[in-house]
file work-v7.pdb (PDB, N, CA and C atoms)
ATOM      1  N   MET V   1      18.564   1.418  -8.260
ATOM      2  CA  MET V   1      17.574   1.266  -9.292
ATOM      3  C   MET V   1      16.393   0.470  -8.744
ATOM      4  N   SER V   2      15.195   0.873  -9.059
ATOM      5  CA  SER V   2      14.002   0.213  -8.568
ATOM      6  C   SER V   2      13.582  -0.922  -9.497
ATOM      7  N   ASP V   3      13.007  -1.987  -8.910
ATOM      8  CA  ASP V   3      12.497  -3.110  -9.695
ATOM      9  C   ASP V   3      11.114  -2.826 -10.259
ATOM     10  N   ARG V   4      10.493  -1.769  -9.798
ATOM     11  CA  ARG V   4       9.123  -1.475 -10.192
ATOM     12  C   ARG V   4       9.057  -0.891 -11.594
ATOM     13  N   ALA V   5       7.973  -1.207 -12.263
ATOM     14  CA  ALA V   5       7.725  -0.643 -13.581
ATOM     15  C   ALA V   5       7.377   0.834 -13.422
ATOM     16  N   PRO V   6       7.592   1.619 -14.456
ATOM     17  CA  PRO V   6       7.221   3.023 -14.365
ATOM     18  C   PRO V   6       5.715   3.176 -14.154
ATOM     19  N   ALA V   7       5.350   4.264 -13.521
ATOM     20  CA  ALA V   7       3.944   4.504 -13.218
ATOM     21  C   ALA V   7       3.134   4.632 -14.502
ATOM     22  N   THR V   8       2.046   3.901 -14.558
ATOM     23  CA  THR V   8       1.108   4.022 -15.659
ATOM     24  C   THR V   8      -0.278   4.058 -15.067
ATOM     25  N   LYS V   9      -1.133   4.843 -15.640
ATOM     26  CA  LYS V   9      -2.497   4.924 -15.145
ATOM     27  C   LYS V   9      -3.313   3.868 -15.881
ATOM     28  N   ARG V  10      -3.868   2.949 -15.150
ATOM     29  CA  ARG V  10      -4.615   1.856 -15.733
ATOM     30  C   ARG V  10      -6.045   1.912 -15.229
ATOM     31  N   ARG V  11      -6.972   1.733 -16.133
ATOM     32  CA  ARG V  11      -8.377   1.687 -15.763
ATOM     33  C   ARG V  11      -8.842   0.245 -15.899
ATOM     34  N   THR V  12      -9.246  -0.344 -14.806
ATOM     35  CA  THR V  12      -9.786  -1.689 -14.818
ATOM     36  C   THR V  12     -11.284  -1.570 -14.645
ATOM     37  N   VAL V  13     -12.025  -2.080 -15.588
ATOM     38  CA  VAL V  13     -13.480  -1.954 -15.544
ATOM     39  C   VAL V  13     -14.083  -3.304 -15.199
ATOM     40  N   SER V  14     -14.964  -3.302 -14.220
ATOM     41  CA  SER V  14     -15.672  -4.530 -13.873
ATOM     42  C   SER V  14     -17.121  -4.184 -13.596
ATOM     43  N   THR V  15     -17.975  -5.166 -13.715
ATOM     44  CA  THR V  15     -19.385  -4.966 -13.406
ATOM     45  C   THR V  15     -19.673  -5.670 -12.104
ATOM     46  N   GLU V  16     -20.182  -4.929 -11.141
ATOM     47  CA  GLU V  16     -20.528  -5.508  -9.848
ATOM     48  C   GLU V  16     -22.033  -5.724  -9.799
ATOM     49  N   THR V  17     -22.428  -6.819  -9.181
ATOM     50  CA  THR V  17     -23.847  -7.069  -9.005
ATOM     51  C   THR V  17     -24.163  -7.019  -7.527
ATOM     52  N   GLY V  18     -25.347  -6.692  -7.242
ATOM     53  CA  GLY V  18     -25.798  -6.580  -5.864
ATOM     54  C   GLY V  18     -27.143  -5.885  -5.912
ATOM     55  N   GLY V  19     -28.038  -6.435  -6.671
ATOM     56  CA  GLY V  19     -29.324  -5.796  -6.856
ATOM     57  C   GLY V  19     -29.380  -5.075  -8.187
ATOM     58  N   SER V  20     -28.303  -4.420  -8.556
ATOM     59  CA  SER V  20     -28.259  -3.730  -9.843
ATOM     60  C   SER V  20     -26.851  -3.843 -10.397
ATOM     61  N   GLU V  21     -26.750  -3.757 -11.710
ATOM     62  CA  GLU V  21     -25.433  -3.826 -12.337
ATOM     63  C   GLU V  21     -24.977  -2.428 -12.679
ATOM     64  N   LYS V  22     -23.714  -2.155 -12.421
ATOM     65  CA  LYS V  22     -23.148  -0.870 -12.791
ATOM     66  C   LYS V  22     -21.673  -1.054 -13.062
ATOM     67  N   GLU V  23     -21.144  -0.175 -13.843
ATOM     68  CA  GLU V  23     -19.733  -0.240 -14.169
ATOM     69  C   GLU V  23     -18.924   0.374 -13.032
ATOM     70  N   VAL V  24     -17.880  -0.333 -12.608
ATOM     71  CA  VAL V  24     -16.979   0.163 -11.573
ATOM     72  C   VAL V  24     -15.596   0.270 -12.197
ATOM     73  N   VAL V  25     -14.987   1.439 -12.089
ATOM     74  CA  VAL V  25     -13.670   1.673 -12.669
ATOM     75  C   VAL V  25     -12.659   1.771 -11.542
ATOM     76  N   THR V  26     -11.626   0.938 -11.581
ATOM     77  CA  THR V  26     -10.561   0.974 -10.588
ATOM     78  C   THR V  26      -9.386   1.732 -11.179
ATOM     79  N   LEU V  27      -8.976   2.810 -10.525
ATOM     80  CA  LEU V  27      -7.863   3.622 -10.995
ATOM     81  C   LEU V  27      -6.614   3.225 -10.235
ATOM     82  N   ARG V  28      -5.600   2.802 -10.972
ATOM     83  CA  ARG V  28      -4.341   2.425 -10.337
ATOM     84  C   ARG V  28      -3.204   2.922 -11.210
ATOM     85  N   HIS V  29      -2.129   3.286 -10.574
ATOM     86  CA  HIS V  29      -0.989   3.847 -11.285
ATOM     87  C   HIS V  29       0.082   2.810 -11.581
ATOM     88  N   ARG V  30       0.078   1.721 -10.855
ATOM     89  CA  ARG V  30       1.030   0.624 -11.073
ATOM     90  C   ARG V  30       0.572  -0.565 -10.239
ATOM     91  N   ASN V  31       1.158  -1.696 -10.500
ATOM     92  CA  ASN V  31       0.865  -2.878  -9.703
ATOM     93  C   ASN V  31       1.775  -2.856  -8.477
ATOM     94  N   ASN V  32       1.184  -2.694  -7.316
ATOM     95  CA  ASN V  32       1.957  -2.615  -6.079
ATOM     96  C   ASN V  32       1.775  -3.831  -5.190
ATOM     97  N   GLY V  33       1.331  -4.939  -5.743
ATOM     98  CA  GLY V  33       1.266  -6.168  -4.984
ATOM     99  C   GLY V  33      -0.096  -6.525  -4.449
ATOM    100  N   PRO V  34      -0.157  -7.652  -3.731
ATOM    101  CA  PRO V  34      -1.439  -8.213  -3.304
ATOM    102  C   PRO V  34      -2.204  -7.366  -2.282
ATOM    103  N   LEU V  35      -1.522  -6.673  -1.381
ATOM    104  CA  LEU V  35      -2.239  -5.820  -0.425
ATOM    105  C   LEU V  35      -2.902  -4.666  -1.164
ATOM    106  N   HIS V  36      -2.213  -4.087  -2.110
ATOM    107  CA  HIS V  36      -2.769  -3.011  -2.932
ATOM    108  C   HIS V  36      -4.027  -3.494  -3.656
ATOM    109  N   ASP V  37      -3.938  -4.681  -4.258
ATOM    110  CA  ASP V  37      -5.093  -5.253  -4.955
ATOM    111  C   ASP V  37      -6.266  -5.461  -4.012
ATOM    112  N   LEU V  38      -5.990  -5.968  -2.821
ATOM    113  CA  LEU V  38      -7.037  -6.228  -1.836
ATOM    114  C   LEU V  38      -7.691  -4.929  -1.371
ATOM    115  N   LEU V  39      -6.890  -3.908  -1.133
ATOM    116  CA  LEU V  39      -7.438  -2.616  -0.706
ATOM    117  C   LEU V  39      -8.322  -2.013  -1.799
ATOM    118  N   LEU V  40      -7.910  -2.138  -3.052
ATOM    119  CA  LEU V  40      -8.734  -1.622  -4.148
ATOM    120  C   LEU V  40     -10.025  -2.418  -4.282
ATOM    121  N   LYS V  41      -9.961  -3.709  -4.052
ATOM    122  CA  LYS V  41     -11.169  -4.538  -4.081
ATOM    123  C   LYS V  41     -12.141  -4.108  -2.981
ATOM    124  N   ALA V  42     -11.610  -3.766  -1.817
ATOM    125  CA  ALA V  42     -12.433  -3.369  -0.677
ATOM    126  C   ALA V  42     -13.034  -1.982  -0.835
ATOM    127  N   CYS V  43     -12.395  -1.137  -1.604
ATOM    128  CA  CYS V  43     -12.787   0.262  -1.726
ATOM    129  C   CYS V  43     -14.216   0.412  -2.237
ATOM    130  N   PRO V  44     -15.038   1.185  -1.527
ATOM    131  CA  PRO V  44     -16.373   1.456  -2.051
ATOM    132  C   PRO V  44     -16.269   2.437  -3.220
ATOM    133  N   PRO V  45     -16.981   2.183  -4.318
ATOM    134  CA  PRO V  45     -16.905   3.113  -5.446
ATOM    135  C   PRO V  45     -17.512   4.468  -5.083
ATOM    136  N   ASN V  46     -16.944   5.530  -5.673
ATOM    137  CA  ASN V  46     -17.515   6.858  -5.451
ATOM    138  C   ASN V  46     -18.753   7.034  -6.329
ATOM    139  N   LYS V  47     -19.321   8.207  -6.339
ATOM    140  CA  LYS V  47     -20.575   8.445  -7.077
ATOM    141  C   LYS V  47     -20.414   8.256  -8.579
ATOM    142  N   ASP V  48     -19.175   8.336  -9.077
ATOM    143  CA  ASP V  48     -18.907   8.136 -10.499
ATOM    144  C   ASP V  48     -18.539   6.689 -10.816
ATOM    145  N   GLY V  49     -18.589   5.805  -9.813
ATOM    146  CA  GLY V  49     -18.271   4.400 -10.012
ATOM    147  C   GLY V  49     -16.781   4.119 -10.059
ATOM    148  N   GLU V  50     -15.970   5.006  -9.501
ATOM    149  CA  GLU V  50     -14.516   4.827  -9.509
ATOM    150  C   GLU V  50     -14.023   4.359  -8.146
ATOM    151  N   LYS V  51     -12.941   3.563  -8.168
ATOM    152  CA  LYS V  51     -12.269   3.111  -6.960
ATOM    153  C   LYS V  51     -10.806   3.496  -7.065
ATOM    154  N   SER V  52     -10.221   3.948  -5.957
ATOM    155  CA  SER V  52      -8.791   4.265  -5.915
ATOM    156  C   SER V  52      -8.352   4.305  -4.456
ATOM    157  N   ILE V  53      -7.056   4.358  -4.258
ATOM    158  CA  ILE V  53      -6.525   4.476  -2.900
ATOM    159  C   ILE V  53      -6.973   5.803  -2.286
ATOM    160  N   THR V  54      -7.023   6.850  -3.076
ATOM    161  CA  THR V  54      -7.482   8.148  -2.575
ATOM    162  C   THR V  54      -8.926   8.072  -2.102
ATOM    163  N   ILE V  55      -9.769   7.402  -2.859
ATOM    164  CA  ILE V  55     -11.181   7.253  -2.473
ATOM    165  C   ILE V  55     -11.291   6.415  -1.197
ATOM    166  N   LEU V  56     -10.498   5.355  -1.109
ATOM    167  CA  LEU V  56     -10.490   4.539   0.111
ATOM    168  C   LEU V  56     -10.050   5.372   1.303
ATOM    169  N   ALA V  57      -9.002   6.173   1.129
ATOM    170  CA  ALA V  57      -8.507   7.025   2.221
ATOM    171  C   ALA V  57      -9.592   7.982   2.700
ATOM    172  N   GLU V  58     -10.314   8.580   1.764
ATOM    173  CA  GLU V  58     -11.402   9.490   2.144
ATOM    174  C   GLU V  58     -12.480   8.750   2.924
ATOM    175  N   SER V  59     -12.780   7.516   2.527
ATOM    176  CA  SER V  59     -13.787   6.715   3.231
ATOM    177  C   SER V  59     -13.364   6.387   4.655
ATOM    178  N   LEU V  60     -12.043   6.232   4.857
ATOM    179  CA  LEU V  60     -11.508   5.914   6.187
ATOM    180  C   LEU V  60     -11.139   7.164   6.985
ATOM    181  N   ASP V  61     -11.246   8.324   6.356
ATOM    182  CA  ASP V  61     -10.895   9.606   6.972
ATOM    183  C   ASP V  61      -9.419   9.633   7.396
ATOM    184  N   ILE V  62      -8.553   9.137   6.492
ATOM    185  CA  ILE V  62      -7.109   9.188   6.698
ATOM    186  C   ILE V  62      -6.466   9.670   5.399
ATOM    187  N   SER V  63      -5.169   9.873   5.407
ATOM    188  CA  SER V  63      -4.484  10.322   4.197
ATOM    189  C   SER V  63      -4.179   9.143   3.272
ATOM    190  N   ALA V  64      -4.146   9.427   1.983
ATOM    191  CA  ALA V  64      -3.758   8.405   1.008
ATOM    192  C   ALA V  64      -2.325   7.953   1.279
ATOM    193  N   TRP V  65      -1.499   8.872   1.767
ATOM    194  CA  TRP V  65      -0.115   8.535   2.083
ATOM    195  C   TRP V  65      -0.047   7.415   3.126
ATOM    196  N   SER V  66      -0.924   7.453   4.109
ATOM    197  CA  SER V  66      -0.953   6.391   5.127
ATOM    198  C   SER V  66      -1.187   5.033   4.475
ATOM    199  N   ILE V  67      -2.130   4.982   3.557
ATOM    200  CA  ILE V  67      -2.430   3.712   2.887
ATOM    201  C   ILE V  67      -1.255   3.294   2.011
ATOM    202  N   HIS V  68      -0.625   4.251   1.346
ATOM    203  CA  HIS V  68       0.532   3.912   0.522
ATOM    204  C   HIS V  68       1.675   3.344   1.369
ATOM    205  N   LYS V  69       1.814   3.826   2.609
ATOM    206  CA  LYS V  69       2.825   3.258   3.511
ATOM    207  C   LYS V  69       2.505   1.801   3.839
ATOM    208  N   TRP V  70       1.213   1.485   4.065
ATOM    209  CA  TRP V  70       0.830   0.099   4.313
ATOM    210  C   TRP V  70       1.221  -0.763   3.113
ATOM    211  N   VAL V  71       0.914  -0.253   1.914
ATOM    212  CA  VAL V  71       1.192  -1.010   0.692
ATOM    213  C   VAL V  71       2.696  -1.226   0.535
ATOM    214  N   GLN V  72       3.497  -0.186   0.786
ATOM    215  CA  GLN V  72       4.955  -0.314   0.667
ATOM    216  C   GLN V  72       5.510  -1.353   1.628
ATOM    217  N   LYS V  73       4.981  -1.368   2.850
ATOM    218  CA  LYS V  73       5.447  -2.313   3.860
ATOM    219  C   LYS V  73       4.803  -3.692   3.729
ATOM    220  N   GLY V  74       3.675  -3.746   3.020
ATOM    221  CA  GLY V  74       2.943  -5.011   2.898
ATOM    222  C   GLY V  74       2.235  -5.396   4.174
ATOM    223  N   LYS V  75       1.969  -4.402   5.034
ATOM    224  CA  LYS V  75       1.329  -4.643   6.333
ATOM    225  C   LYS V  75       0.288  -3.566   6.613
ATOM    226  N   ILE V  76      -0.752  -3.952   7.336
ATOM    227  CA  ILE V  76      -1.821  -3.035   7.719
ATOM    228  C   ILE V  76      -2.104  -3.220   9.209
ATOM    229  N   PRO V  77      -2.338  -2.130   9.949
ATOM    230  CA  PRO V  77      -2.668  -2.271  11.372
ATOM    231  C   PRO V  77      -3.992  -3.031  11.547
ATOM    232  N   PRO V  78      -4.102  -3.862  12.586
ATOM    233  CA  PRO V  78      -5.306  -4.676  12.786
ATOM    234  C   PRO V  78      -6.604  -3.868  12.811
ATOM    235  N   GLY V  79      -6.592  -2.745  13.518
ATOM    236  CA  GLY V  79      -7.804  -1.928  13.608
ATOM    237  C   GLY V  79      -8.224  -1.361  12.265
ATOM    238  N   ARG V  80      -7.249  -0.998  11.457
ATOM    239  CA  ARG V  80      -7.554  -0.473  10.117
ATOM    240  C   ARG V  80      -8.081  -1.572   9.203
ATOM    241  N   ALA V  81      -7.563  -2.785   9.368
ATOM    242  CA  ALA V  81      -8.076  -3.909   8.567
ATOM    243  C   ALA V  81      -9.560  -4.121   8.859
ATOM    244  N   VAL V  82      -9.936  -4.024  10.130
ATOM    245  CA  VAL V  82     -11.346  -4.166  10.515
ATOM    246  C   VAL V  82     -12.175  -3.051   9.874
ATOM    247  N   GLU V  83     -11.665  -1.813   9.900
ATOM    248  CA  GLU V  83     -12.390  -0.694   9.290
ATOM    249  C   GLU V  83     -12.570  -0.892   7.790
ATOM    250  N   VAL V  84     -11.526  -1.352   7.119
ATOM    251  CA  VAL V  84     -11.608  -1.576   5.671
ATOM    252  C   VAL V  84     -12.657  -2.641   5.365
ATOM    253  N   VAL V  85     -12.657  -3.724   6.126
ATOM    254  CA  VAL V  85     -13.660  -4.774   5.930
ATOM    255  C   VAL V  85     -15.056  -4.213   6.155
ATOM    256  N   ASP V  86     -15.231  -3.390   7.178
ATOM    257  CA  ASP V  86     -16.543  -2.813   7.486
ATOM    258  C   ASP V  86     -17.088  -1.960   6.346
ATOM    259  N   ILE V  87     -16.216  -1.200   5.682
ATOM    260  CA  ILE V  87     -16.716  -0.330   4.605
ATOM    261  C   ILE V  87     -16.748  -1.032   3.246
ATOM    262  N   SER V  88     -16.267  -2.274   3.187
ATOM    263  CA  SER V  88     -16.161  -2.977   1.906
ATOM    264  C   SER V  88     -17.484  -3.534   1.386
ATOM    265  N   GLU V  89     -18.498  -3.515   2.204
ATOM    266  CA  GLU V  89     -19.821  -4.006   1.806
ATOM    267  C   GLU V  89     -19.757  -5.462   1.336
ATOM    268  N   GLY V  90     -18.930  -6.269   2.033
ATOM    269  CA  GLY V  90     -18.849  -7.695   1.752
ATOM    270  C   GLY V  90     -17.891  -8.100   0.642
ATOM    271  N   ARG V  91     -17.190  -7.146   0.047
ATOM    272  CA  ARG V  91     -16.260  -7.482  -1.042
ATOM    273  C   ARG V  91     -15.007  -8.192  -0.530
ATOM    274  N   VAL V  92     -14.631  -7.959   0.733
ATOM    275  CA  VAL V  92     -13.480  -8.612   1.348
ATOM    276  C   VAL V  92     -13.839  -9.012   2.771
ATOM    277  N   THR V  93     -13.048  -9.940   3.321
ATOM    278  CA  THR V  93     -13.255 -10.379   4.703
ATOM    279  C   THR V  93     -11.975 -10.147   5.502
ATOM    280  N   LEU V  94     -12.096 -10.238   6.800
ATOM    281  CA  LEU V  94     -10.926 -10.090   7.659
ATOM    282  C   LEU V  94      -9.915 -11.206   7.379
ATOM    283  N   ALA V  95     -10.402 -12.381   7.034
ATOM    284  CA  ALA V  95      -9.499 -13.486   6.700
ATOM    285  C   ALA V  95      -8.638 -13.150   5.481
ATOM    286  N   ASP V  96      -9.173 -12.357   4.549
ATOM    287  CA  ASP V  96      -8.387 -11.941   3.384
ATOM    288  C   ASP V  96      -7.167 -11.120   3.796
ATOM    289  N   PHE V  97      -7.298 -10.380   4.898
ATOM    290  CA  PHE V  97      -6.220  -9.515   5.361
ATOM    291  C   PHE V  97      -5.220 -10.208   6.283
ATOM    292  N   SER V  98      -5.506 -11.446   6.702
ATOM    293  CA  SER V  98      -4.655 -12.094   7.692
ATOM    294  C   SER V  98      -3.177 -12.153   7.319
ATOM    295  N   PRO V  99      -2.785 -12.336   6.054
ATOM    296  CA  PRO V  99      -1.344 -12.337   5.761
ATOM    297  C   PRO V  99      -0.682 -10.956   5.881
ATOM    298  N   PHE V 100      -1.494  -9.915   5.963
ATOM    299  CA  PHE V 100      -0.973  -8.545   5.920
ATOM    300  C   PHE V 100      -1.088  -7.790   7.241
ATOM    301  N   VAL V 101      -1.732  -8.383   8.243
ATOM    302  CA  VAL V 101      -1.969  -7.679   9.508
ATOM    303  C   VAL V 101      -0.733  -7.768  10.392
ATOM    304  N   TYR V 102      -0.348  -6.603  10.984
ATOM    305  CA  TYR V 102       0.744  -6.603  11.956
ATOM    306  C   TYR V 102       0.394  -7.517  13.098
ATOM    307  N   VAL V 103       1.365  -8.264  13.575
ATOM    308  CA  VAL V 103       1.127  -9.109  14.755
ATOM    309  C   VAL V 103       2.123  -8.760  15.839
TER
END
call {"tool": "encode", "arguments": {"input": "work-v7.pdb", "output": "structure tokens"}}
result
Amino acid sequence: MSDRAPATKRRTVSTETGGSEKEVVTLRHRNNGPLHDLLLKACPPNKDGEKSITILAESLDISAWSIHKWVQKGKIPPGRAVEVVDISEGRVTLADFSPFVYV
């Protein structure tokens, strides 16, 4: 039996500032822990103002499954952490990823 809650689709709405204000919607199916939260924070919103693991995967040119494996393990490869920080537009730093980077 799994300890996880059943999958639910949750829309988290926040307003980001950076010259202009716009609504950003984060799409998540369940709470998968702090690495998941950090990756969603880093995700650049798509043209509709949505953020998700799928959108992040497309930005990194990898599969969403790869990112889900990182989340399940609670670890991210060092090179990928650098890439995520680079596309985050300042929303996260490499120091934020330090507890999750493979060593």
call {"tool": "residues_around", "arguments": {"input": "work-v7.pdb", "residues": "Leu56 of chain V", "least_positions_apart": "3", "cutoff": "8 Å", "atoms": "all atoms listed in the file", "output": "ChimeraX atom specification"}}
result
/V:39-40,42-46,50-53,59-64,67
call {"tool": "atom_distance", "arguments": {"input": "work-v7.pdb", "atom1": "atom CA of Ala95 of chain V", "atom2": "atom CA of Trp65 of chain V"}}
result
24.4 Å
call {"tool": "atom_distance", "arguments": {"input": "work-v7.pdb", "atom1": "atom N of Thr54 of chain V", "atom2": "atom CA of Ser66 of chain V"}}
result
10.2 Å
call {"tool": "closest_residue", "arguments": {"input": "work-v7.pdb", "among": "V:Thr93, V:Glu58, V:Val82, V:Val71", "to": "Gly33 of chain V", "atoms": "all atoms listed in the file"}}
result
V:Val71
call {"tool": "closest_residue", "arguments": {"input": "work-v7.pdb", "among": "V:Gly79, V:Gly49, V:Val84, V:Lys41", "to": "Val103 of chain V", "atoms": "only C-alpha atoms"}}
result
V:Gly79
call {"tool": "atom_distance", "arguments": {"input": "work-v7.pdb", "atom1": "atom C of Ser98 of chain V", "atom2": "atom CA of Glu83 of chain V"}}
result
14.8 Å
call {"tool": "residues_around", "arguments": {"input": "work-v7.pdb", "residues": "Asp96 of chain V", "least_positions_apart": "5", "cutoff": "10 Å", "atoms": "only C-alpha atoms", "output": "PyMOL selection string"}}
result
chain V and resi 35+38+81+85+101
